[in-house]
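Engineer: First the structure, which I've put down as structure tokens, then a few questions once you've had a look.
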Amino acid sequence: MEVKIDKRTIQRIAELAKLSLKDDELDSMQEHFARMIKNFQKLQELNLEGVDQLVNPHEGLQRMREDIPSKGVDREEVLSAAPDRKDHFFRVPSPLKEVRKKQ
Amino acid sequence: MKYEAVIGLEIHIQLRTRTKLFCSCPNEYGAEPNTNVCPVCLGLPGALPVLNMEAVRLGLLAALALNAKVYKRSQFYRKNYFYPDLPKGYQITQYVGSLATDGSLTFEHHGVVRTVRIERMNIEEEAAKSYHAEDGTVLLDFNRSGIPLLETVTRPDLRSPSEARHFLELLRRTMRYIGVSSCDMEKGELRADANISVRPVGSEEFGTKVELKNLNSFKAVEEGLTYEYNRQIEVLKNGGKIIQETRLWDEHLRETRSMRVKEEAHDYRYFPEPDLMVLELPDGMLEEAEAALPELPEARRKRFISEYGLRPDIAEVMVQERDIADYFEDLAARIGDSSLAANWISTDVMRVMNEMKTDIHGFPIPIDDLAELLKMLKKGLITHNIARTVFDKMVAGEGTAKEIIEREQLLPLSDESELLGFVEEAISANPEIVEKYRKGKVSVIGVLVGYVMKKTRGKANAKRVKELLEEKLKA
Ligand SMILES: [Zn+2]
């Protein structure tokens, strides 16, 4: 099965990752993606009948923890590491404003 | 043309654990902002999630309560999207490998038995809480980030807004019964989004659906859906087309409106969360959950009707909360009279709970004291009016039923001669009534009974007074 990666697909992937790429960057990305896809197509040639899906390369199952609370980290410490804050809150730009700007 | 609504709900239930889903920060409501945080729930790079077993256990209980098929193995995924309340850039949720699927909840709506199918139930993490400041910035509190949620998605089986509300109320009651969540909608512990479309009655096809958000109370669920139902019918009647979109219910303007934000097509690029292994339920965990499952509200309601002979509306009130239902069964057994217990709980006890803004645990009269009072009433030792008076004094903390009755000399006049004195007084003081009675209008005897009751401050046994009056008047 041949998978084609066109420029619009690259553009879409970039948008989902919130990246704005220039035209020549899109071109080079397209090349990178084409190479990756080619490698995966090579893998697709393998006969995997009867082989279970591998979800995680590590063996074993999920270990769970008891529901016992413990103190987290110091508020001042984490807030002072943030780019912006107001009182005891982290402050970030409005996500809605960004959408408006884009439109 | 007559239309019907086709409604499905996507519900998020906050699980009542002590800690968050993937870290040991306390899961508590109302803490000082950003005090219950750590690298995991702040989404700091390199922090690794460790699954809380209690969240899984509560999820199992909920799945069993909804008759769902539970999977021995399930898997967590990353749901990728960007929003300030999710600094990792992905939410850890279950996707292909759900915790449970194919459940159902059956209830009676206006006398019709309805079954709503549950498509899937997934455990996932909550996002941080954001506050929109006046200057347009967003303030974030990560105390909520990482609190365990149970996402519960129904099939489009609901056919009216009132049915949707009823379903959601029963779901809440069920979750509270099994102790997986307090489901306080005001605290956001239970949240519902809805999909709604309309179609001509009898049609098998679905219309174009609209996603409805911001339904923050049971009232909002019913009113928002009703508005949207009418709006869609209006559009179709005028030859228009329903646009597939997300709309918000505005409780103040009482209308739904399009979010108008150009919705990027959902593409969450799910992939298995590499930081978490496959979740395989430990041996015995499912069986333990099955054993821990209490009798559910619908089953209990039916049993209260068949076993105790309660009226359906009273039974409904008795099963609203598990603690009330337990209290009812306890009290009924103590006094040996289930309808007397149900009547007092649904009226006086609940009135006091409302006034004092407390639940049954905060109800001031110990259950054995209340049982003592009601037993005296049942035996006819005190009248209903006296019981009410004593009850109020017990609520005020003036003592037990026996203490109050003795102190205030509220015991009925068991002394026949004293009672006879009042009866004779009633007869001599009301000659016209006596005249009427003797002429055949026997119902006027009530006036004479009332006279004695008033004179004895309710301490007389009305039945005995009537008997004595009849004897005297016949003589
Ligand atoms: Zn944490």
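Every chain in the structure tokens takes a letter, A first, then B, and so on in the order presented; its residues are numbered from 1, and the ligands are numbered from 1 following the presented order.
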Dump as a tab-separated table the rows for residues of chain B within 10 Å of ligand 1: closest atom pair and distance in Å with one decimal, only C-alpha atoms and all ligand atoms counted, ordered by chain and rising residue number.

Structural biologist:
```
residue	atom	partner	partner_atom_place_in_ligand_line	distance
B:Thr19	CA	ligand 1	1 (Zn)	8.5
B:Lys20	CA	ligand 1	1 (Zn)	6.7
B:Leu21	CA	ligand 1	1 (Zn)	8.7
B:Phe22	CA	ligand 1	1 (Zn)	7.3
B:Cys23	CA	ligand 1	1 (Zn)	4.7
B:Ser24	CA	ligand 1	1 (Zn)	5.9
B:Cys25	CA	ligand 1	1 (Zn)	4.3
B:Pro26	CA	ligand 1	1 (Zn)	7.7
B:Asn27	CA	ligand 1	1 (Zn)	9.2
B:Thr35	CA	ligand 1	1 (Zn)	9.6
B:Asn36	CA	ligand 1	1 (Zn)	6.4
B:Val37	CA	ligand 1	1 (Zn)	4.4
B:Cys38	CA	ligand 1	1 (Zn)	3.9
B:Pro39	CA	ligand 1	1 (Zn)	6.2
B:Val40	CA	ligand 1	1 (Zn)	5.1
B:Cys41	CA	ligand 1	1 (Zn)	4.2
B:Leu42	CA	ligand 1	1 (Zn)	6.8
B:Gly43	CA	ligand 1	1 (Zn)	8.9
B:Ala47	CA	ligand 1	1 (Zn)	9.8
B:Pro49	CA	ligand 1	1 (Zn)	9.3
B:Phe142	CA	ligand 1	1 (Zn)	8.5
B:Asn143	CA	ligand 1	1 (Zn)	8.0
B:Arg144	CA	ligand 1	1 (Zn)	9.4
B:Ser145	CA	ligand 1	1 (Zn)	7.8
B:Gly146	CA	ligand 1	1 (Zn)	7.0
B:Ile147	CA	ligand 1	1 (Zn)	9.0
```

Engineer: Enumerate as a ChimeraX atom specification the residues belonging to chain A that approach chain B to within 7 Å, with only C-alpha atoms taken into account.

Structural biologist: /A:55-56,61-62,64-73,75,88-94

Engineer: Please report the interatomic distance between atom CA of Asp102 of chain B and atom CA of Asn195 of chain B in Å with one decimal.

Structural biologist: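 Atom-to-atom, atom CA of Asp102 of chain B and atom CA of Asn195 of chain B are spaced 18.7 Å apart.
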
Engineer: Run DSSP on the backbone of this structure and report the residues of segment 327-357 of chain B it assigns to alpha helix (DSSP H), as a list in words.

Structural biologist: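 The alpha helix (DSSP H) residues within segment 327-357 of chain B come out as Tyr327, Phe328, Glu329, Asp330, Leu331, Ala332, Ala333, Arg334, Ile335, Ser338, Ser339, Leu340, Ala341, Ala342, Asn343, Trp344, Met350, Arg351, Val352, Met353, Asn354, Glu355 and Met356 of chain B.
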
Engineer: Using Å and a single decimal, report how far atom CA of Gly59 of chain B sits from atom CA of Thr101 of chain B.

Structural biologist: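 That distance, rounded to one decimal, is 11.9 Å.
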
Engineer: For the atom pair atom CA of Tyr437 of chain B and atom CA of Gly380 of chain B, what is the interatomic distance in Å to one decimal place?

Structural biologist: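 Between atom CA of Tyr437 of chain B and atom CA of Gly380 of chain B the gap works out to 27.3 Å.
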
Engineer: Can you check which residues of segment 56-185 of chain B DSSP gives as strand (DSSP E or B) on the backbone and send them as a ChimeraX atom specification?

Structural biologist: /B:69-70,73-74,76-80,83,86,90-94,100-109,112-125,129-132,138-141,148-154,158
